[in-house]
$ cat entry.cif   # mmCIF, C-alpha atoms
data_final
loop_
_atom_site.label_atom_id
_atom_site.label_comp_id
_atom_site.auth_asym_id
_atom_site.auth_seq_id
_atom_site.Cartn_x
_atom_site.Cartn_y
_atom_site.Cartn_z
CA MET A 1 26.61 -179.67 -17.46
CA PRO A 2 24.20 -177.37 -19.34
CA ALA A 3 22.39 -174.66 -17.43
CA ALA A 4 18.78 -175.25 -16.44
CA PRO A 5 16.22 -173.85 -18.90
CA THR A 6 14.93 -170.36 -18.23
CA LEU A 7 11.42 -171.31 -19.35
CA SER A 8 9.91 -174.74 -20.00
CA ILE A 9 6.71 -175.15 -21.97
CA VAL A 10 4.95 -178.51 -21.86
CA MET A 11 2.51 -179.15 -24.70
CA VAL A 12 0.33 -182.23 -24.24
CA THR A 13 -1.12 -183.56 -27.49
CA TYR A 14 -3.50 -186.21 -28.77
CA ASN A 15 -4.24 -186.48 -32.50
CA SER A 16 -3.25 -182.82 -32.85
CA ARG A 17 -1.08 -182.77 -35.96
CA GLU A 18 -3.04 -179.95 -37.61
CA GLU A 19 -3.28 -177.90 -34.42
CA ILE A 20 0.42 -178.07 -33.61
CA GLY A 21 1.16 -177.13 -37.22
CA ARG A 22 -0.58 -173.85 -36.49
CA GLY A 23 0.60 -173.48 -32.90
CA ILE A 24 4.26 -174.46 -32.74
CA PRO A 25 5.74 -171.98 -35.28
CA PRO A 26 4.48 -168.82 -33.51
CA LEU A 27 5.40 -170.34 -30.15
CA LEU A 28 8.98 -170.93 -31.30
CA GLU A 29 9.19 -167.27 -32.32
CA GLN A 30 8.57 -166.32 -28.69
CA LEU A 31 11.14 -168.65 -27.14
CA GLU A 32 14.53 -167.26 -26.25
CA ASP A 33 17.91 -168.91 -25.84
CA GLY A 34 17.78 -171.21 -22.86
CA ASP A 35 14.02 -171.86 -23.13
CA GLU A 36 12.71 -175.33 -23.90
CA LEU A 37 9.66 -176.88 -25.50
CA ILE A 38 8.52 -180.33 -24.40
CA VAL A 39 5.82 -182.05 -26.44
CA VAL A 40 4.15 -185.05 -24.79
CA ASP A 41 2.15 -187.10 -27.26
CA ASN A 42 -0.62 -189.27 -25.79
CA ALA A 43 -0.49 -192.16 -28.30
CA SER A 44 -1.76 -190.19 -31.30
CA THR A 45 -2.62 -192.09 -34.46
CA ASP A 46 -2.18 -189.11 -36.82
CA ALA A 47 1.63 -188.70 -36.69
CA THR A 48 1.49 -185.82 -34.22
CA ALA A 49 4.85 -186.76 -32.66
CA ARG A 50 6.56 -186.89 -36.05
CA ALA A 51 5.09 -183.50 -36.98
CA ALA A 52 6.31 -182.03 -33.69
CA ARG A 53 9.84 -183.28 -34.36
CA GLU A 54 9.76 -181.77 -37.85
CA LEU A 55 8.34 -178.42 -36.71
CA ALA A 56 10.60 -178.08 -33.66
CA PRO A 57 13.81 -180.09 -34.10
CA GLY A 58 15.19 -178.72 -30.82
CA ALA A 59 12.15 -179.75 -28.79
CA THR A 60 11.98 -182.78 -26.56
CA VAL A 61 9.22 -185.06 -27.87
CA ILE A 62 7.97 -187.77 -25.51
CA GLU A 63 5.64 -190.48 -26.81
CA SER A 64 3.64 -191.98 -23.96
CA GLY A 65 2.41 -195.12 -25.71
CA GLU A 66 -1.05 -194.64 -24.20
CA ASN A 67 -3.46 -191.77 -23.67
CA LEU A 68 -2.70 -190.54 -20.16
CA GLY A 69 -4.90 -187.48 -20.41
CA TYR A 70 -3.71 -183.94 -19.82
CA ALA A 71 -2.57 -184.30 -16.20
CA GLY A 72 -0.93 -187.65 -16.86
CA GLY A 73 0.87 -186.23 -19.87
CA CYS A 74 2.13 -183.28 -17.83
CA ASN A 75 3.34 -185.61 -15.10
CA LEU A 76 5.13 -187.82 -17.60
#
$ encode --input "entry.cif" --output "C-alpha coordinates"
Amino acid sequence: MPAAPTLSIVMVTYNSREEIGRGIPPLLEQLEDGDELIVVDNASTDATARAARELAPGATVIESGENLGYAGGCNL
(Lines of atoms letter the chains of each structure in order from A and count residues from 1; the text may use other names and numbers.)
(Lines give C-alpha, C1' and ligand atoms only; values in the text may rest on other atoms or scores of the structure.)
Protein backbone atom coordinates (compact mmCIF):
# COMPACT_ATOMS: atom_id res chain seq x y z
CA MET A 1 0.00 0.00 0.00
CA PRO A 2 1.49 3.39 -0.99
CA ALA A 3 2.23 5.91 1.71
CA ALA A 4 -0.22 8.76 2.26
CA PRO A 5 0.67 11.97 0.39
CA THR A 6 2.72 14.53 2.26
CA LEU A 7 0.77 17.41 0.71
CA SER A 8 -2.49 17.37 -1.23
CA ILE A 9 -3.57 20.31 -3.36
CA VAL A 10 -7.15 20.43 -4.59
CA MET A 11 -7.76 22.71 -7.56
CA VAL A 12 -11.43 23.28 -8.39
CA THR A 13 -12.03 24.44 -11.96
CA TYR A 14 -14.81 25.59 -14.24
CA ASN A 15 -14.04 26.62 -17.83
CA SER A 16 -10.47 27.36 -16.74
CA ARG A 17 -8.36 25.85 -19.51
CA GLU A 18 -6.33 29.02 -20.07
CA GLU A 19 -5.88 29.70 -16.35
CA ILE A 20 -4.66 26.21 -15.51
CA GLY A 21 -2.28 26.43 -18.47
CA ARG A 22 -0.61 29.29 -16.64
CA GLY A 23 -1.06 27.92 -13.12
CA ILE A 24 -0.28 24.21 -13.19
CA PRO A 25 3.31 24.28 -14.54
CA PRO A 26 4.72 26.53 -11.78
CA LEU A 27 2.69 24.62 -9.19
CA LEU A 28 4.22 21.32 -10.32
CA GLU A 29 7.68 22.84 -9.89
CA GLN A 30 6.90 23.32 -6.20
CA LEU A 31 5.58 19.82 -5.52
CA GLU A 32 7.92 17.27 -4.03
CA ASP A 33 7.93 13.48 -4.12
CA GLY A 34 4.92 12.23 -2.22
CA ASP A 35 2.81 15.35 -2.88
CA GLU A 36 -0.36 15.13 -4.95
CA LEU A 37 -2.42 17.40 -7.14
CA ILE A 38 -6.15 16.79 -7.46
CA VAL A 39 -8.05 18.74 -10.12
CA VAL A 40 -11.84 18.73 -9.79
CA ASP A 41 -13.56 19.96 -12.93
CA ASN A 42 -17.10 21.32 -12.50
CA ALA A 43 -18.52 20.29 -15.91
CA SER A 44 -16.41 22.66 -17.99
CA THR A 45 -17.24 23.03 -21.67
CA ASP A 46 -13.76 24.22 -22.72
CA ALA A 47 -11.77 20.98 -22.29
CA THR A 48 -10.34 22.02 -18.92
CA ALA A 49 -10.16 18.40 -17.69
CA ARG A 50 -8.30 17.26 -20.80
CA ALA A 51 -5.84 20.15 -20.46
CA ALA A 52 -5.26 19.26 -16.80
CA ARG A 53 -4.48 15.66 -17.74
CA GLU A 54 -2.03 16.83 -20.42
CA LEU A 55 -0.32 19.39 -18.16
CA ALA A 56 -0.10 17.12 -15.11
CA PRO A 57 -0.17 13.45 -16.13
CA GLY A 58 0.42 12.36 -12.52
CA ALA A 59 -2.51 14.37 -11.16
CA THR A 60 -5.86 12.93 -10.24
CA VAL A 61 -8.51 14.60 -12.42
CA ILE A 62 -12.13 14.24 -11.31
CA GLU A 63 -14.94 15.34 -13.62
CA SER A 64 -18.07 16.10 -11.63
CA GLY A 65 -20.58 16.08 -14.48
CA GLU A 66 -22.26 19.19 -13.06
CA ASN A 67 -21.17 22.50 -11.60
CA LEU A 68 -21.06 21.89 -7.85
CA GLY A 69 -19.43 25.20 -7.03
CA TYR A 70 -16.20 25.57 -5.11
CA ALA A 71 -17.27 23.93 -1.85
CA GLY A 72 -19.06 21.11 -3.64
CA GLY A 73 -16.02 20.51 -5.82
CA CYS A 74 -13.76 20.37 -2.77
CA ASN A 75 -16.09 17.94 -1.05
CA LEU A 76 -16.23 15.72 -4.12
$ closest_residue --input "entry.cif" --among "A:Ala59, A:Asn42, A:Glu32, A:Gly65" --to "Val12 of chain A" --atoms "all atoms listed in the file"
A:Asn42
$ residues_around --input "entry.cif" --residues "segment 45-58 of chain A" --least-positions-apart "4" --cutoff "6 Å" --atoms "only C-alpha atoms" --output "ChimeraX atom specification"
/A:15-17
$ write_last_selection --input "entry.cif" --atoms "C-alpha atoms" --output "short mmCIF file (atom, residue, chain, number, x, y, z; two decimals), keeping the file's coordinate frame"
data_model
loop_
_atom_site.label_atom_id
_atom_site.label_comp_id
_atom_site.auth_asym_id
_atom_site.auth_seq_id
_atom_site.Cartn_x
_atom_site.Cartn_y
_atom_site.Cartn_z
CA ASN A 15 -4.24 -186.48 -32.50
CA SER A 16 -3.25 -182.82 -32.85
CA ARG A 17 -1.08 -182.77 -35.96
#
$ atom_distance --input "entry.cif" --atom1 "atom CA of Gly34 of chain A" --atom2 "atom CA of Ile9 of chain A"
11.8 Å
$ axis_aligned_box --input "entry.cif" --around "segment 31-48 of chain A" --padding-each-side "4 Å" --output "JSON"
{"center_x": 7.6, "center_y": -179.7, "center_z": -29.8, "size_x": 28.5, "size_y": 32.9, "size_z": 22.0}
$ residues_around --input "entry.cif" --residues "Ala43 of chain A" --least-positions-apart "6" --cutoff "7 Å" --atoms "all atoms listed in the file" --output "PyMOL selection string"
chain A and resi 14+63-67
$ write_last_selection --input "entry.cif" --atoms "C-alpha atoms" --output "PDB file, in the frame of the given file"
ATOM      1  CA  TYR A  14      -3.500-186.210 -28.770  1.00  0.00           C
ATOM      2  CA  GLU A  63       5.640-190.480 -26.810  1.00  0.00           C
ATOM      3  CA  SER A  64       3.640-191.980 -23.960  1.00  0.00           C
ATOM      4  CA  GLY A  65       2.410-195.120 -25.710  1.00  0.00           C
ATOM      5  CA  GLU A  66      -1.050-194.640 -24.200  1.00  0.00           C
ATOM      6  CA  ASN A  67      -3.460-191.770 -23.670  1.00  0.00           C
TER       7      ASN A  67
END
$ closest_residue --input "entry.cif" --among "A:Gln30, A:Ser44, A:Thr6, A:Thr13" --to "Gly72 of chain A" --atoms "all atoms listed in the file"
A:Thr13
$ atom_distance --input "entry.cif" --atom1 "atom CA of Ile62 of chain A" --atom2 "atom CA of Asn75 of chain A"
11.6 Å
$ residues_around --input "entry.cif" --residues "Ala4 of chain A" --least-positions-apart "6" --cutoff "12 Å" --atoms "only C-alpha atoms" --output "number ranges by chain"
A: 33-36
$ residues_around --input "entry.cif" --residues "Val10 of chain A" --least-positions-apart "4" --cutoff "9 Å" --atoms "all atoms listed in the file" --output "number ranges by chain"
A: 36-40, 73-74
$ atom_distance --input "entry.cif" --atom1 "atom CA of Gly21 of chain A" --atom2 "atom CA of Val61 of chain A"
14.7 Å
$ closest_residue --input "entry.cif" --among "A:Leu31, A:Leu68, A:Thr60, A:Asp41" --to "Leu7 of chain A" --atoms "all atoms listed in the file"
A:Leu31
$ build_atoms --input "entry.cif" --residues "segment 56-75 of chain A" --atoms "N, CA, C and O atoms" --output "PDB file, in the coordinates of the input"
ATOM      1  N   ALA A  56       9.739-178.592 -34.733  1.00  0.00           N
ATOM      2  CA  ALA A  56      10.600-178.080 -33.660  1.00  0.00           C
ATOM      3  C   ALA A  56      11.724-179.068 -33.389  1.00  0.00           C
ATOM      4  O   ALA A  56      11.678-179.821 -32.407  1.00  0.00           O
ATOM      5  N   PRO A  57      12.731-179.097 -34.260  1.00  0.00           N
ATOM      6  CA  PRO A  57      13.810-180.090 -34.100  1.00  0.00           C
ATOM      7  C   PRO A  57      14.527-180.013 -32.747  1.00  0.00           C
ATOM      8  O   PRO A  57      15.044-181.012 -32.278  1.00  0.00           O
ATOM      9  N   GLY A  58      14.522-178.862 -32.113  1.00  0.00           N
ATOM     10  CA  GLY A  58      15.190-178.720 -30.820  1.00  0.00           C
ATOM     11  C   GLY A  58      14.329-179.093 -29.630  1.00  0.00           C
ATOM     12  O   GLY A  58      14.800-179.105 -28.490  1.00  0.00           O
ATOM     13  N   ALA A  59      13.063-179.412 -29.881  1.00  0.00           N
ATOM     14  CA  ALA A  59      12.150-179.750 -28.790  1.00  0.00           C
ATOM     15  C   ALA A  59      12.392-181.179 -28.315  1.00  0.00           C
ATOM     16  O   ALA A  59      12.882-182.030 -29.053  1.00  0.00           O
ATOM     17  N   THR A  60      12.012-181.425 -27.093  1.00  0.00           N
ATOM     18  CA  THR A  60      11.980-182.780 -26.560  1.00  0.00           C
ATOM     19  C   THR A  60      10.592-183.333 -26.842  1.00  0.00           C
ATOM     20  O   THR A  60       9.594-182.725 -26.439  1.00  0.00           O
ATOM     21  N   VAL A  61      10.513-184.445 -27.552  1.00  0.00           N
ATOM     22  CA  VAL A  61       9.220-185.060 -27.870  1.00  0.00           C
ATOM     23  C   VAL A  61       9.165-186.401 -27.139  1.00  0.00           C
ATOM     24  O   VAL A  61      10.025-187.256 -27.337  1.00  0.00           O
ATOM     25  N   ILE A  62       8.165-186.550 -26.289  1.00  0.00           N
ATOM     26  CA  ILE A  62       7.970-187.770 -25.510  1.00  0.00           C
ATOM     27  C   ILE A  62       6.704-188.447 -26.003  1.00  0.00           C
ATOM     28  O   ILE A  62       5.641-187.828 -26.038  1.00  0.00           O
ATOM     29  N   GLU A  63       6.805-189.713 -26.381  1.00  0.00           N
ATOM     30  CA  GLU A  63       5.640-190.480 -26.810  1.00  0.00           C
ATOM     31  C   GLU A  63       5.246-191.417 -25.669  1.00  0.00           C
ATOM     32  O   GLU A  63       6.008-192.292 -25.298  1.00  0.00           O
ATOM     33  N   SER A  64       4.050-191.240 -25.147  1.00  0.00           N
ATOM     34  CA  SER A  64       3.640-191.980 -23.960  1.00  0.00           C
ATOM     35  C   SER A  64       3.277-193.431 -24.224  1.00  0.00           C
ATOM     36  O   SER A  64       3.360-194.244 -23.321  1.00  0.00           O
ATOM     37  N   GLY A  65       2.821-193.750 -25.425  1.00  0.00           N
ATOM     38  CA  GLY A  65       2.410-195.120 -25.710  1.00  0.00           C
ATOM     39  C   GLY A  65       0.971-195.407 -25.332  1.00  0.00           C
ATOM     40  O   GLY A  65       0.404-196.412 -25.744  1.00  0.00           O
ATOM     41  N   GLU A  66       0.370-194.536 -24.541  1.00  0.00           N
ATOM     42  CA  GLU A  66      -1.050-194.640 -24.200  1.00  0.00           C
ATOM     43  C   GLU A  66      -1.565-193.248 -23.879  1.00  0.00           C
ATOM     44  O   GLU A  66      -0.792-192.349 -23.563  1.00  0.00           O
ATOM     45  N   ASN A  67      -2.886-193.061 -23.961  1.00  0.00           N
ATOM     46  CA  ASN A  67      -3.460-191.770 -23.670  1.00  0.00           C
ATOM     47  C   ASN A  67      -3.575-191.611 -22.162  1.00  0.00           C
ATOM     48  O   ASN A  67      -4.431-192.225 -21.527  1.00  0.00           O
ATOM     49  N   LEU A  68      -2.720-190.780 -21.603  1.00  0.00           N
ATOM     50  CA  LEU A  68      -2.700-190.540 -20.160  1.00  0.00           C
ATOM     51  C   LEU A  68      -3.557-189.365 -19.743  1.00  0.00           C
ATOM     52  O   LEU A  68      -3.653-189.066 -18.564  1.00  0.00           O
ATOM     53  N   GLY A  69      -4.158-188.681 -20.711  1.00  0.00           N
ATOM     54  CA  GLY A  69      -4.900-187.480 -20.410  1.00  0.00           C
ATOM     55  C   GLY A  69      -3.952-186.305 -20.197  1.00  0.00           C
ATOM     56  O   GLY A  69      -2.728-186.448 -20.257  1.00  0.00           O
ATOM     57  N   TYR A  70      -4.526-185.142 -19.953  1.00  0.00           N
ATOM     58  CA  TYR A  70      -3.710-183.940 -19.820  1.00  0.00           C
ATOM     59  C   TYR A  70      -2.794-184.001 -18.583  1.00  0.00           C
ATOM     60  O   TYR A  70      -1.587-183.823 -18.684  1.00  0.00           O
ATOM     61  N   ALA A  71      -3.368-184.282 -17.432  1.00  0.00           N
ATOM     62  CA  ALA A  71      -2.570-184.300 -16.200  1.00  0.00           C
ATOM     63  C   ALA A  71      -1.511-185.404 -16.258  1.00  0.00           C
ATOM     64  O   ALA A  71      -0.357-185.177 -15.889  1.00  0.00           O
ATOM     65  N   GLY A  72      -1.892-186.568 -16.743  1.00  0.00           N
ATOM     66  CA  GLY A  72      -0.930-187.650 -16.860  1.00  0.00           C
ATOM     67  C   GLY A  72       0.199-187.331 -17.811  1.00  0.00           C
ATOM     68  O   GLY A  72       1.360-187.649 -17.578  1.00  0.00           O
ATOM     69  N   GLY A  73      -0.151-186.657 -18.920  1.00  0.00           N
ATOM     70  CA  GLY A  73       0.870-186.230 -19.870  1.00  0.00           C
ATOM     71  C   GLY A  73       1.819-185.224 -19.256  1.00  0.00           C
ATOM     72  O   GLY A  73       3.031-185.299 -19.455  1.00  0.00           O
ATOM     73  N   CYS A  74       1.279-184.275 -18.510  1.00  0.00           N
ATOM     74  CA  CYS A  74       2.130-183.280 -17.830  1.00  0.00           C
ATOM     75  C   CYS A  74       3.053-183.972 -16.820  1.00  0.00           C
ATOM     76  O   CYS A  74       4.224-183.630 -16.715  1.00  0.00           O
ATOM     77  N   ASN A  75       2.520-184.912 -16.099  1.00  0.00           N
ATOM     78  CA  ASN A  75       3.340-185.610 -15.100  1.00  0.00           C
ATOM     79  C   ASN A  75       4.419-186.469 -15.727  1.00  0.00           C
ATOM     80  O   ASN A  75       5.496-186.635 -15.155  1.00  0.00           O
TER      81      ASN A  75
END
